[in-house]
$ cat final_16.csv   # CSV, C-alpha atoms
chain,number,residue,atom,x,y,z
A,1,MET,CA,58.0,131.0,-22.8
A,2,HIS,CA,57.3,131.0,-19.1
A,3,GLN,CA,57.3,133.6,-16.3
A,4,ILE,CA,59.4,133.8,-13.2
A,5,ALA,CA,59.8,136.4,-10.5
A,6,CYS,CA,63.2,137.6,-9.4
A,7,HIS,CA,63.9,136.1,-6.0
A,8,GLU,CA,65.6,139.3,-4.8
A,9,CYS,CA,63.3,142.1,-6.2
A,10,ASP,CA,60.2,140.2,-7.2
A,11,LEU,CA,60.1,141.6,-10.8
A,12,ILE,CA,58.3,139.4,-13.3
A,13,HIS,CA,60.3,138.2,-16.3
A,14,ASN,CA,59.2,136.4,-19.4
A,15,VAL,CA,61.9,133.9,-20.0
A,16,PRO,CA,62.4,132.8,-23.7
A,17,PRO,CA,64.1,129.5,-24.5
A,18,MET,CA,67.7,130.0,-23.7
A,19,PRO,CA,71.0,128.7,-25.2
A,20,ALA,CA,73.2,126.4,-23.2
A,21,ARG,CA,75.5,127.9,-20.5
A,22,ALA,CA,73.5,131.2,-20.6
A,23,ALA,CA,72.6,133.0,-17.5
A,24,ALA,CA,69.4,134.9,-17.0
A,25,VAL,CA,69.9,138.1,-15.1
A,26,CYS,CA,67.2,140.3,-13.5
A,27,VAL,CA,66.9,143.5,-15.5
A,28,ARG,CA,66.0,145.6,-12.5
A,29,CYS,CA,68.4,144.4,-9.6
A,30,GLY,CA,71.0,142.4,-11.5
A,31,ALA,CA,70.5,139.1,-9.5
A,32,VAL,CA,71.3,135.9,-11.4
A,33,LEU,CA,67.8,134.3,-11.9
A,34,PHE,CA,69.2,131.0,-13.1
A,35,ARG,CA,71.9,129.5,-15.4
A,36,VAL,CA,71.3,126.9,-18.1
A,37,LYS,CA,73.5,124.0,-17.3
A,38,VAL,CA,75.0,121.5,-19.8
A,39,ASP,CA,74.5,117.8,-19.2
A,40,SER,CA,73.5,118.5,-15.6
A,41,VAL,CA,72.4,115.0,-14.6
A,42,ASN,CA,75.5,113.2,-15.7
A,43,ARG,CA,78.0,115.8,-14.5
A,44,THR,CA,76.4,116.1,-11.1
A,45,ILE,CA,76.5,112.3,-10.6
A,46,ALA,CA,80.1,112.1,-11.7
A,47,TRP,CA,81.4,114.9,-9.6
A,48,THR,CA,79.4,113.8,-6.5
A,49,ILE,CA,80.8,110.2,-6.7
A,50,SER,CA,84.3,111.5,-6.9
A,51,GLY,CA,83.5,113.8,-4.1
A,52,LEU,CA,82.4,111.0,-1.9
A,53,ILE,CA,85.6,109.1,-2.4
A,54,LEU,CA,87.7,112.1,-1.6
A,55,TYR,CA,85.5,112.8,1.4
A,56,VAL,CA,86.2,109.4,3.0
A,57,VAL,CA,90.0,110.1,2.6
A,58,ALA,CA,89.7,113.7,3.8
A,59,ILE,CA,87.9,112.9,7.1
A,60,THR,CA,89.6,109.7,8.1
A,61,PHE,CA,93.3,110.3,7.4
A,62,PRO,CA,95.4,112.8,9.4
A,63,PHE,CA,95.8,116.1,7.7
A,64,LEU,CA,98.6,117.4,10.0
A,65,ALA,CA,101.4,115.9,12.0
A,66,MET,CA,103.5,117.9,14.4
A,67,LYS,CA,107.0,116.8,15.4
A,68,SER,CA,108.6,118.3,18.5
A,69,GLY,CA,111.7,116.4,19.5
A,70,SER,CA,110.7,112.7,19.8
A,71,ILE,CA,107.0,113.4,20.1
A,72,VAL,CA,104.8,113.2,17.1
A,73,GLN,CA,101.2,114.4,17.3
A,74,GLU,CA,98.7,113.8,14.5
A,75,THR,CA,95.3,115.1,13.9
A,76,GLY,CA,92.6,114.5,11.3
A,77,LEU,CA,89.1,115.8,11.0
A,78,LEU,CA,87.3,112.9,12.8
A,79,SER,CA,90.1,112.3,15.4
A,80,GLY,CA,90.2,116.1,16.1
A,81,ILE,CA,86.4,116.1,16.7
A,82,ARG,CA,86.8,113.1,19.0
A,83,GLN,CA,89.5,114.9,21.0
A,84,LEU,CA,87.2,117.9,21.3
A,85,PHE,CA,84.5,115.7,22.8
A,86,GLU,CA,87.0,114.1,25.2
A,87,GLN,CA,88.1,117.5,26.4
A,88,GLY,CA,84.5,118.4,27.1
A,89,ILE,CA,84.3,121.2,24.5
A,90,ILE,CA,81.1,119.8,23.3
A,91,PRO,CA,79.4,122.8,21.5
A,92,LEU,CA,82.5,123.3,19.4
A,93,ALA,CA,82.8,119.6,18.7
A,94,ILE,CA,79.2,119.5,17.5
A,95,LEU,CA,79.7,122.6,15.4
A,96,VAL,CA,82.7,121.1,13.6
A,97,LEU,CA,80.9,117.8,13.3
A,98,LEU,CA,77.8,119.3,11.7
A,99,THR,CA,79.4,121.9,9.3
A,100,CYS,CA,82.4,119.8,8.1
A,101,VAL,CA,81.3,116.2,8.4
A,102,VAL,CA,77.5,115.7,8.5
A,103,ILE,CA,76.2,118.5,6.3
A,104,PRO,CA,78.7,117.9,3.4
A,105,LEU,CA,77.8,114.2,3.6
A,106,ILE,CA,74.0,114.9,3.6
A,107,GLN,CA,74.6,117.2,0.6
A,108,MET,CA,76.4,114.6,-1.5
A,109,LEU,CA,74.0,111.7,-0.6
A,110,GLY,CA,71.1,114.0,-1.2
A,111,LEU,CA,72.4,114.8,-4.7
A,112,LEU,CA,72.8,111.1,-5.5
A,113,TYR,CA,69.3,110.4,-4.2
A,114,ILE,CA,67.9,113.0,-6.5
A,115,PHE,CA,70.0,112.6,-9.6
A,116,ILE,CA,70.4,108.8,-10.0
A,117,PRO,CA,66.6,108.3,-10.2
A,118,LEU,CA,66.5,111.3,-12.7
A,119,LYS,CA,69.1,109.6,-14.8
A,120,LEU,CA,67.2,106.3,-14.7
A,121,ASN,CA,63.8,108.0,-15.1
A,122,LEU,CA,62.6,106.5,-11.9
A,123,ARG,CA,60.4,108.1,-9.2
A,124,VAL,CA,61.5,108.0,-5.6
A,125,LYS,CA,59.7,108.9,-2.5
A,126,LEU,CA,60.5,112.2,-0.7
A,127,ALA,CA,62.6,113.5,-3.7
A,128,ILE,CA,61.0,117.0,-3.2
A,129,PRO,CA,61.8,117.4,0.5
A,130,VAL,CA,65.3,116.0,-0.1
A,131,PHE,CA,66.0,118.6,-2.8
A,132,ARG,CA,64.5,121.3,-0.7
A,133,MET,CA,66.8,120.3,2.2
A,134,PHE,CA,69.8,120.3,-0.2
A,135,GLN,CA,69.1,123.9,-1.1
A,136,HIS,CA,68.7,125.0,2.5
A,137,VAL,CA,71.8,123.4,4.0
A,138,LYS,CA,74.1,124.8,1.3
A,139,PRO,CA,75.5,127.8,3.3
A,140,TRP,CA,76.1,125.6,6.4
A,141,SER,CA,78.5,123.2,4.5
A,142,MET,CA,81.9,124.7,5.4
A,143,MET,CA,84.6,122.3,4.3
A,144,GLU,CA,86.4,125.0,2.2
A,145,ILE,CA,86.5,127.2,5.3
A,146,TYR,CA,88.0,124.4,7.3
A,147,MET,CA,90.7,124.0,4.6
A,148,LEU,CA,91.6,127.6,5.1
A,149,GLY,CA,91.8,126.9,8.8
A,150,ILE,CA,94.2,124.0,8.2
A,151,LEU,CA,96.5,126.3,6.2
A,152,ILE,CA,96.4,129.0,8.9
A,153,ALA,CA,97.1,126.4,11.6
A,154,MET,CA,100.1,125.1,9.6
A,155,VAL,CA,101.6,128.6,9.4
A,156,LYS,CA,101.0,129.2,13.1
A,157,LEU,CA,102.5,125.9,14.3
A,158,GLY,CA,105.3,126.1,11.8
A,159,LYS,CA,107.0,128.6,14.1
A,160,MET,CA,107.1,126.2,17.0
A,161,ALA,CA,107.6,122.7,15.6
A,162,THR,CA,108.1,120.8,12.4
A,163,ILE,CA,104.8,120.4,10.6
A,164,VAL,CA,104.2,117.5,8.2
A,165,PRO,CA,101.1,117.8,6.0
A,166,GLY,CA,99.2,114.5,5.7
A,167,LEU,CA,97.4,112.7,2.9
A,168,ALA,CA,94.1,114.3,3.9
A,169,VAL,CA,95.3,117.8,3.1
A,170,VAL,CA,95.5,116.8,-0.6
A,171,ALA,CA,92.1,115.1,-0.5
A,172,PHE,CA,90.7,118.1,1.2
A,173,GLY,CA,92.1,120.5,-1.4
A,174,LEU,CA,90.7,118.4,-4.3
A,175,LEU,CA,87.4,117.8,-2.5
A,176,ILE,CA,86.7,121.5,-2.2
A,177,PHE,CA,86.9,121.9,-6.0
A,178,VAL,CA,85.0,118.7,-6.8
A,179,LEU,CA,82.2,119.5,-4.4
A,180,ASN,CA,81.9,122.9,-5.9
A,181,PHE,CA,81.8,121.5,-9.4
A,182,ALA,CA,79.1,119.0,-8.3
A,183,ILE,CA,77.0,121.8,-6.8
A,184,THR,CA,77.4,124.1,-9.8
A,185,ALA,CA,76.5,121.3,-12.2
A,186,VAL,CA,73.0,121.1,-10.5
A,187,ASP,CA,70.4,122.7,-12.7
A,188,SER,CA,67.8,123.4,-10.0
A,189,HIS,CA,65.3,124.8,-12.6
A,190,MET,CA,65.4,121.5,-14.5
A,191,VAL,CA,65.2,119.4,-11.2
A,192,TRP,CA,62.1,121.2,-10.0
A,193,GLU,CA,60.4,120.9,-13.4
A,194,ARG,CA,61.0,117.2,-13.5
A,195,LEU,CA,60.2,116.5,-9.8
A,196,GLY,CA,57.1,118.7,-10.1
A,197,GLY,CA,56.0,117.2,-13.4
A,198,GLU,CA,56.1,113.7,-12.0
A,199,SER,CA,53.9,114.2,-9.0
B,1,MET,CA,65.1,138.8,-21.9
B,2,LYS,CA,61.9,140.7,-21.7
B,3,ALA,CA,60.6,142.0,-18.5
B,4,GLY,CA,57.0,142.7,-17.6
B,5,PHE,CA,57.1,146.0,-15.7
B,6,ALA,CA,55.4,144.7,-12.6
B,7,SER,CA,56.4,142.7,-9.6
B,8,ALA,CA,54.7,139.4,-8.7
B,9,ARG,CA,53.1,141.0,-5.6
B,10,GLN,CA,51.5,143.8,-7.8
B,11,LEU,CA,49.9,141.1,-10.0
B,12,GLY,CA,48.7,139.0,-7.0
B,13,LEU,CA,51.2,136.3,-7.8
B,14,VAL,CA,53.7,134.6,-5.5
B,15,SER,CA,57.0,133.0,-6.2
B,16,CYS,CA,57.8,129.9,-4.3
B,17,HIS,CA,60.9,130.3,-2.0
B,18,ASP,CA,62.1,126.8,-2.8
B,19,CYS,CA,61.3,126.0,-6.4
B,20,HIS,CA,60.6,129.5,-7.7
B,21,LEU,CA,57.3,128.5,-9.4
B,22,LEU,CA,55.1,131.5,-10.0
B,23,SER,CA,51.5,130.9,-8.9
B,24,ARG,CA,48.5,132.9,-8.0
B,25,MET,CA,48.4,133.8,-4.3
B,26,PRO,CA,45.4,132.0,-2.8
B,27,ASN,CA,43.3,133.8,-0.2
B,28,VAL,CA,44.1,132.3,3.1
B,29,THR,CA,42.5,133.1,6.5
B,30,ALA,CA,44.3,132.9,9.8
B,31,HIS,CA,45.6,129.5,10.8
B,32,GLN,CA,45.8,128.5,7.1
B,33,ALA,CA,48.9,128.2,5.0
B,34,ALA,CA,49.2,128.6,1.3
B,35,CYS,CA,51.2,125.8,-0.4
B,36,CYS,CA,53.1,125.8,-3.6
B,37,PRO,CA,51.2,123.7,-6.3
B,38,ARG,CA,54.5,122.2,-7.5
B,39,CYS,CA,56.7,121.4,-4.5
B,40,GLY,CA,54.2,121.8,-1.6
B,41,GLY,CA,56.4,124.3,0.2
B,42,GLU,CA,54.7,127.0,2.2
B,43,LEU,CA,54.1,130.2,0.2
B,44,HIS,CA,54.8,133.6,1.5
B,45,GLN,CA,54.7,136.8,-0.6
B,46,ARG,CA,57.5,138.1,1.6
B,47,LYS,CA,59.6,136.3,4.3
B,48,PRO,CA,57.3,136.3,7.4
B,49,ASN,CA,58.2,139.0,10.0
B,50,SER,CA,61.4,139.7,8.1
B,51,ILE,CA,62.1,143.1,9.7
B,52,MET,CA,61.5,142.1,13.4
B,53,ARG,CA,63.2,138.7,13.1
B,54,THR,CA,66.3,140.3,11.4
B,55,TRP,CA,66.4,143.0,14.1
B,56,ALA,CA,66.2,140.4,16.9
B,57,LEU,CA,69.0,138.3,15.3
B,58,VAL,CA,71.3,141.2,14.5
B,59,ILE,CA,71.0,142.6,18.1
B,60,THR,CA,71.7,139.1,19.6
B,61,GLY,CA,74.7,138.8,17.3
B,62,MET,CA,76.0,142.2,18.4
B,63,VAL,CA,75.7,141.2,22.1
B,64,PHE,CA,77.7,138.0,21.4
B,65,TYR,CA,80.3,140.0,19.5
B,66,ILE,CA,81.4,141.8,22.7
B,67,PRO,CA,82.5,138.7,24.8
B,68,ALA,CA,83.8,137.1,21.6
B,69,ASN,CA,86.3,139.9,21.2
B,70,LEU,CA,87.1,140.7,24.9
B,71,LEU,CA,87.5,137.2,26.3
B,72,PRO,CA,90.4,134.9,25.5
B,73,MET,CA,89.9,132.6,22.5
B,74,THR,CA,92.8,130.3,23.3
B,75,ILE,CA,94.8,129.6,26.5
B,76,THR,CA,98.3,128.4,25.8
B,77,SER,CA,100.4,126.9,28.5
B,78,ALA,CA,104.1,126.1,27.8
B,79,LEU,CA,106.7,125.1,30.4
B,80,GLY,CA,104.6,126.3,33.3
B,81,SER,CA,103.6,129.7,32.0
B,82,THR,CA,100.1,130.3,30.6
B,83,GLN,CA,99.0,132.9,28.2
B,84,ALA,CA,95.5,133.8,27.2
B,85,ASP,CA,95.0,135.2,23.7
B,86,THR,CA,92.0,137.1,22.4
B,87,ILE,CA,91.3,137.3,18.7
B,88,MET,CA,93.1,140.7,18.5
B,89,SER,CA,96.1,139.6,20.4
B,90,GLY,CA,96.4,136.6,18.0
B,91,VAL,CA,96.4,139.1,15.1
B,92,ILE,CA,99.1,141.1,16.8
B,93,TYR,CA,101.1,138.0,17.4
B,94,PHE,CA,101.0,137.2,13.6
B,95,ILE,CA,102.1,140.7,12.7
B,96,HIS,CA,105.1,140.5,15.1
B,97,SER,CA,106.1,137.1,13.9
B,98,GLY,CA,106.2,138.4,10.3
B,99,SER,CA,103.2,136.6,8.8
B,100,TRP,CA,101.1,139.7,8.1
B,101,GLU,CA,99.1,137.9,5.4
B,102,ILE,CA,97.7,135.5,8.1
B,103,ALA,CA,97.2,138.5,10.4
B,104,LEU,CA,95.2,140.2,7.7
B,105,VAL,CA,93.0,137.1,6.9
B,106,ILE,CA,92.1,136.6,10.6
B,107,PHE,CA,91.5,140.3,11.2
B,108,VAL,CA,89.3,140.6,8.2
B,109,ALA,CA,87.4,137.3,8.7
B,110,SER,CA,87.0,137.6,12.5
B,111,ILE,CA,86.8,141.2,13.4
B,112,PHE,CA,86.2,143.4,10.3
B,113,VAL,CA,83.6,141.3,8.4
B,114,PRO,CA,81.2,140.6,11.3
B,115,PHE,CA,81.4,144.3,12.3
B,116,LEU,CA,80.7,145.4,8.7
B,117,LYS,CA,77.8,142.9,8.5
B,118,PHE,CA,76.1,144.4,11.6
B,119,ILE,CA,76.4,147.9,10.0
B,120,ILE,CA,75.1,146.8,6.6
B,121,ILE,CA,72.2,144.8,8.0
B,122,ILE,CA,71.1,147.7,10.3
B,123,TYR,CA,71.5,150.1,7.4
B,124,LEU,CA,69.3,147.9,5.2
B,125,LEU,CA,66.7,147.5,8.0
B,126,LEU,CA,66.5,151.3,8.6
B,127,SER,CA,66.4,152.1,4.9
B,128,VAL,CA,63.3,149.9,4.6
B,129,GLN,CA,61.7,151.2,7.8
B,130,PHE,CA,62.2,154.8,6.8
B,131,LYS,CA,60.9,154.0,3.3
B,132,SER,CA,64.1,155.1,1.5
B,133,ILE,CA,63.9,155.0,-2.4
B,134,LYS,CA,67.6,155.8,-2.8
B,135,ARG,CA,69.8,153.4,-4.9
B,136,PRO,CA,67.7,150.2,-4.5
B,137,LYS,CA,70.0,148.3,-6.9
B,138,ASP,CA,73.1,149.1,-4.8
B,139,ARG,CA,71.4,148.1,-1.6
B,140,THR,CA,70.3,144.8,-3.1
B,141,LEU,CA,74.0,144.2,-4.2
B,142,LEU,CA,75.1,145.1,-0.6
B,143,TYR,CA,72.7,142.5,0.7
B,144,ARG,CA,73.9,139.8,-1.8
B,145,ILE,CA,77.5,140.4,-0.7
B,146,THR,CA,76.6,140.3,3.0
B,147,GLU,CA,74.8,137.1,2.7
B,148,ALA,CA,77.6,135.4,0.7
B,149,VAL,CA,80.6,136.5,2.8
B,150,GLY,CA,79.4,135.9,6.4
B,151,ARG,CA,80.2,132.1,6.6
B,152,TRP,CA,83.9,132.7,6.1
B,153,SER,CA,84.1,134.3,9.6
B,154,MET,CA,83.9,130.7,11.0
B,155,VAL,CA,87.6,130.2,9.9
B,156,ASP,CA,89.0,131.2,13.3
B,157,ILE,CA,86.9,128.6,15.1
B,158,TYR,CA,88.4,125.9,12.9
B,159,VAL,CA,91.9,127.2,13.5
B,160,VAL,CA,91.3,127.0,17.3
B,161,THR,CA,89.9,123.5,17.1
B,162,ILE,CA,92.8,122.3,15.0
B,163,LEU,CA,95.3,123.8,17.5
B,164,ILE,CA,93.7,122.3,20.5
B,165,ALA,CA,93.6,118.9,18.9
B,166,LEU,CA,97.2,119.1,17.8
B,167,VAL,CA,99.1,120.8,20.6
B,168,LYS,CA,98.9,118.2,23.3
B,169,LEU,CA,102.5,117.9,24.5
B,170,GLY,CA,101.8,117.6,28.2
B,171,VAL,CA,103.9,120.1,30.2
B,172,LEU,CA,105.9,121.2,27.2
B,173,ALA,CA,103.0,122.9,25.4
B,174,ASN,CA,99.2,122.7,25.6
B,175,ILE,CA,96.5,124.8,24.0
B,176,GLU,CA,92.9,125.0,25.3
B,177,ALA,CA,89.9,126.8,23.9
B,178,GLY,CA,89.0,130.0,25.8
B,179,PRO,CA,85.5,131.1,26.7
B,180,ALA,CA,85.3,133.4,23.7
B,181,ALA,CA,85.3,130.5,21.2
B,182,ILE,CA,81.6,129.6,22.0
B,183,TYR,CA,80.4,133.2,21.9
B,184,PHE,CA,82.3,133.7,18.6
B,185,ALA,CA,80.8,130.6,16.9
B,186,ALA,CA,77.3,131.6,18.1
B,187,MET,CA,77.8,135.1,16.8
B,188,VAL,CA,78.8,133.9,13.3
B,189,ALA,CA,75.9,131.5,13.1
B,190,ILE,CA,73.4,134.1,14.4
B,191,THR,CA,74.5,136.8,11.9
B,192,MET,CA,74.3,134.2,9.1
B,193,LEU,CA,70.6,133.7,10.2
B,194,ALA,CA,70.1,137.4,10.4
B,195,ALA,CA,71.2,137.9,6.8
B,196,GLU,CA,69.1,135.0,5.7
B,197,SER,CA,65.9,136.3,7.4
B,198,PHE,CA,66.1,139.8,5.7
B,199,ASP,CA,64.0,140.0,2.6
B,200,PRO,CA,65.6,142.2,-0.1
B,201,ARG,CA,62.3,142.4,-1.9
B,202,LEU,CA,61.1,144.8,0.8
B,203,ILE,CA,63.6,147.4,-0.6
B,204,TRP,CA,61.8,147.2,-4.0
B,205,ASP,CA,58.2,147.2,-2.6
B,206,ILE,CA,58.8,150.8,-1.3
B,207,VAL,CA,60.2,151.9,-4.7
B,208,GLU,CA,57.1,150.5,-6.4
B,209,GLU,CA,54.7,152.1,-3.9
B,210,LYS,CA,56.2,155.5,-4.5
B,211,HIS,CA,55.7,155.1,-8.2
B,212,GLU,CA,52.1,154.1,-8.0
$ encode --input "final_16.csv" --output "C-alpha cells"
Amino acid sequence: MHQIACHECDLIHNVPPMPARAAAVCVRCGAVLFRVKVDSVNRTIAWTISGLILYVVAITFPFLAMKSGSIVQETGLLSGIRQLFEQGIIPLAILVLLTCVVIPLIQMLGLLYIFIPLKLNLRVKLAIPVFRMFQHVKPWSMMEIYMLGILIAMVKLGKMATIVPGLAVVAFGLLIFVLNFAITAVDSHMVWERLGGES
Amino acid sequence: MKAGFASARQLGLVSCHDCHLLSRMPNVTAHQAACCPRCGGELHQRKPNSIMRTWALVITGMVFYIPANLLPMTITSALGSTQADTIMSGVIYFIHSGSWEIALVIFVASIFVPFLKFIIIIYLLLSVQFKSIKRPKDRTLLYRITEAVGRWSMVDIYVVTILIALVKLGVLANIEAGPAAIYFAAMVAITMLAAESFDPRLIWDIVEEKHE
C-alpha cells in the first residue's frame, strides 16, 4: 500500500495492490492516476523497434506523387523539409523537422535507452533525465497529425491532378499505431520505481 | 480504491510533477529549490506563476490568431493568375468543390478549436481568480479536453507544407506559403503552452478553502 496524489486535483489516495490492466481513477475529479500494464518492458521494446523500422521508411520514401501531363512531382517528409529550406521558409521547415522527424526519433531512442537496460537489469547514466524528457516531449510529437495532413492534401490535389500515394503512406499509417502502442505499453509508475530504486 | 479526504497540500506533502512521488515539502528560503528525493526534479506544490503565465500566453495566442485568420495562408499561381487564400476561403473552396468533410475538418481544427480553447482557458482562469466553487469536476474535465485536443490544430500547417513541396510546376501551377502560416503555427504552439501552464489543482484549492 502506498500513497499518491492526483496530478489534477491533488487529492491523496491510498493505492492497494492492483490487478493487471486495471486503471486507478481519482475519486474526486475522475482523472486516470495510472494504469497497470502487462509485460511493459518487453512490449515497449518490441513496439519501439518495429516503430524505428517503419520510421526510416516513412521519412525517406516519397508519400505522394503528383502527375500532371508529362510532369511527375514527388514529395516525402525529408525531401519536403529540404524544399522548404530551399525556398527560404525556414520557421516552417524547422517546425516540421522538429515535430515530425526529430522529436519522434528522440522519443523512440529514449524509450530504447531506458527499456533495454531495464530488461537486462543494467544501470545506465542519465536514465532519469532521459525518461523525464520522454514525458515532456510527448505532446510535441505530431506524426499522426502529419498523416491527417497527407490525407487532406491528397483530397485537395486530387481535383487538379492524378495523385499516386507512395510507399511511405503505408509506413506512416502503420507507424502511427505502432508508436501509439509503444507509448501506451510504457508503465511509467514501474519505470520511476525502478530508476529511483537503483540510485 | 480508498481515498484519504485531504489533498497533498493540506498535509504539507508535495507530489513530484515528473515521477509523481509523494514527499514532504521541505522548507526552502528564497533562491533555494526543493528537489524530488527520487528523480531529482524540482518540486513545486503548484505550477509556479500558473495564472499569470497562462494569461500572458493566452493573450499572445489571441493576438496571433488575428493575422493567422486575416492574412493569406497560401498563394497559388496558375497560368499567370495568382490567388491568395486565407484559412476561411480554403474552407469555402472545399465546400464548393463538394468535399464538405474536409471543409469540416479544417474549419474545426483551424478556426473553431483554437477559438474555443481561448474561451475555455480564460473561463478557467477567471473561475479561479473569482474563487468559484461551482462544478469543479466539470471544469477539470474541460481542462483535460482542452489540453489533449490543441495539438490537432497544427494539421493545416502540414497541409500547406505538403502543398508547397508538391505543387512546383513552374508557370503551370505553383503554391507558396502566405504570411499567415507563421502566425498560425506560432498561435497553435503558444496556446499549447498556455494549456500546459495552467494548473487544474488551483480549481480544487478554492473548493478546499471554502470547506475549511
$ residues_around --input "final_16.csv" --residues "Arg21 (chain A)" --least-positions-apart "6" --cutoff "10 Å" --atoms "only C-alpha atoms" --output "MDAnalysis selection string"
chainID A and resid 35:38
$ write_last_selection --input "final_16.csv" --atoms "C-alpha atoms" --output "short mmCIF file (atom, residue, chain, number, x, y, z; two decimals), in the frame of the given file"
data_model
loop_
_atom_site.label_atom_id
_atom_site.label_comp_id
_atom_site.auth_asym_id
_atom_site.auth_seq_id
_atom_site.Cartn_x
_atom_site.Cartn_y
_atom_site.Cartn_z
CA ARG A 35 71.90 129.50 -15.40
CA VAL A 36 71.30 126.90 -18.10
CA LYS A 37 73.50 124.00 -17.30
CA VAL A 38 75.00 121.50 -19.80
#
$ interface_residues --input "final_16.csv" --of "chain A" --to "chain B" --cutoff "6 Å" --atoms "all atoms listed in the file" --output "PDB file with C-alpha atoms, in the frame of the given file"
ATOM      1  CA  ILE A   4      59.400 133.800 -13.200  1.00  0.00           C
ATOM      2  CA  GLU A   8      65.600 139.300  -4.800  1.00  0.00           C
ATOM      3  CA  CYS A   9      63.300 142.100  -6.200  1.00  0.00           C
ATOM      4  CA  ASP A  10      60.200 140.200  -7.200  1.00  0.00           C
ATOM      5  CA  LEU A  11      60.100 141.600 -10.800  1.00  0.00           C
ATOM      6  CA  ILE A  12      58.300 139.400 -13.300  1.00  0.00           C
ATOM      7  CA  HIS A  13      60.300 138.200 -16.300  1.00  0.00           C
ATOM      8  CA  ASN A  14      59.200 136.400 -19.400  1.00  0.00           C
ATOM      9  CA  CYS A  29      68.400 144.400  -9.600  1.00  0.00           C
ATOM     10  CA  THR A  75      95.300 115.100  13.900  1.00  0.00           C
ATOM     11  CA  GLY A  80      90.200 116.100  16.100  1.00  0.00           C
ATOM     12  CA  ILE A 145      86.500 127.200   5.300  1.00  0.00           C
ATOM     13  CA  TYR A 146      88.000 124.400   7.300  1.00  0.00           C
ATOM     14  CA  GLY A 149      91.800 126.900   8.800  1.00  0.00           C
ATOM     15  CA  ALA A 153      97.100 126.400  11.600  1.00  0.00           C
ATOM     16  CA  GLY A 196      57.100 118.700 -10.100  1.00  0.00           C
TER      17      GLY A 196
END
$ residues_around --input "final_16.csv" --residues "region 62-73 of chain A" --least-positions-apart "5" --cutoff "9 Å" --atoms "only C-alpha atoms" --output "PyMOL selection string"
(chain A and resi 78-79+150+154+157-158+160-170+172) or (chain B and resi 165-169)
$ atom_distance --input "final_16.csv" --atom1 "CA of Val91 (chain B)" --atom2 "CA of Asn69 (chain B)"
11.8 Å
$ atom_distance --input "final_16.csv" --atom1 "CA of Leu52 (chain A)" --atom2 "CA of Met108 (chain A)"
7.0 Å
$ residues_around --input "final_16.csv" --residues "Ile121 (chain B)" --least-positions-apart "6" --cutoff "10 Å" --atoms "only C-alpha atoms" --output "PyMOL selection string"
chain B and resi 54-55+58+127+142-143+146-147+191+194-195+198
$ closest_residue --input "final_16.csv" --among "A:Ala185, A:Val15, A:Val56, A:Val191" --to "Asp39 (chain A)" --atoms "only C-alpha atoms"
A:Ala185
$ atom_distance --input "final_16.csv" --atom1 "CA of Trp47 (chain A)" --atom2 "CA of Ala182 (chain A)"
4.9 Å
$ residues_around --input "final_16.csv" --residues "Phe181 (chain A)" --least-positions-apart "5" --cutoff "12 Å" --atoms "only C-alpha atoms" --output "JSON, numbers by chain"
{"A": [37, 40, 43, 44, 45, 46, 47, 48, 49, 50, 51, 108, 174, 175, 176, 186, 187]}
$ closest_residue --input "final_16.csv" --among "A:Ile94, A:Ala127, A:Ala22, A:Leu120" --to "Ile81 (chain A)" --atoms "all atoms listed in the file"
A:Ile94
$ closest_residue --input "final_16.csv" --among "B:Cys36, B:Ile206, B:Ile51, B:Ala180" --to "Leu92 (chain A)" --atoms "all atoms listed in the file"
B:Ala180
$ closest_residue --input "final_16.csv" --among "A:Ile59, A:Pro139, A:Val27, A:Phe115" --to "Val149 (chain B)" --atoms "only C-alpha atoms"
A:Pro139
$ closest_residue --input "final_16.csv" --among "A:Leu195, A:Gly173, A:Ile128, A:Ile106" --to "Val57 (chain A)" --atoms "all atoms listed in the file"
A:Gly173
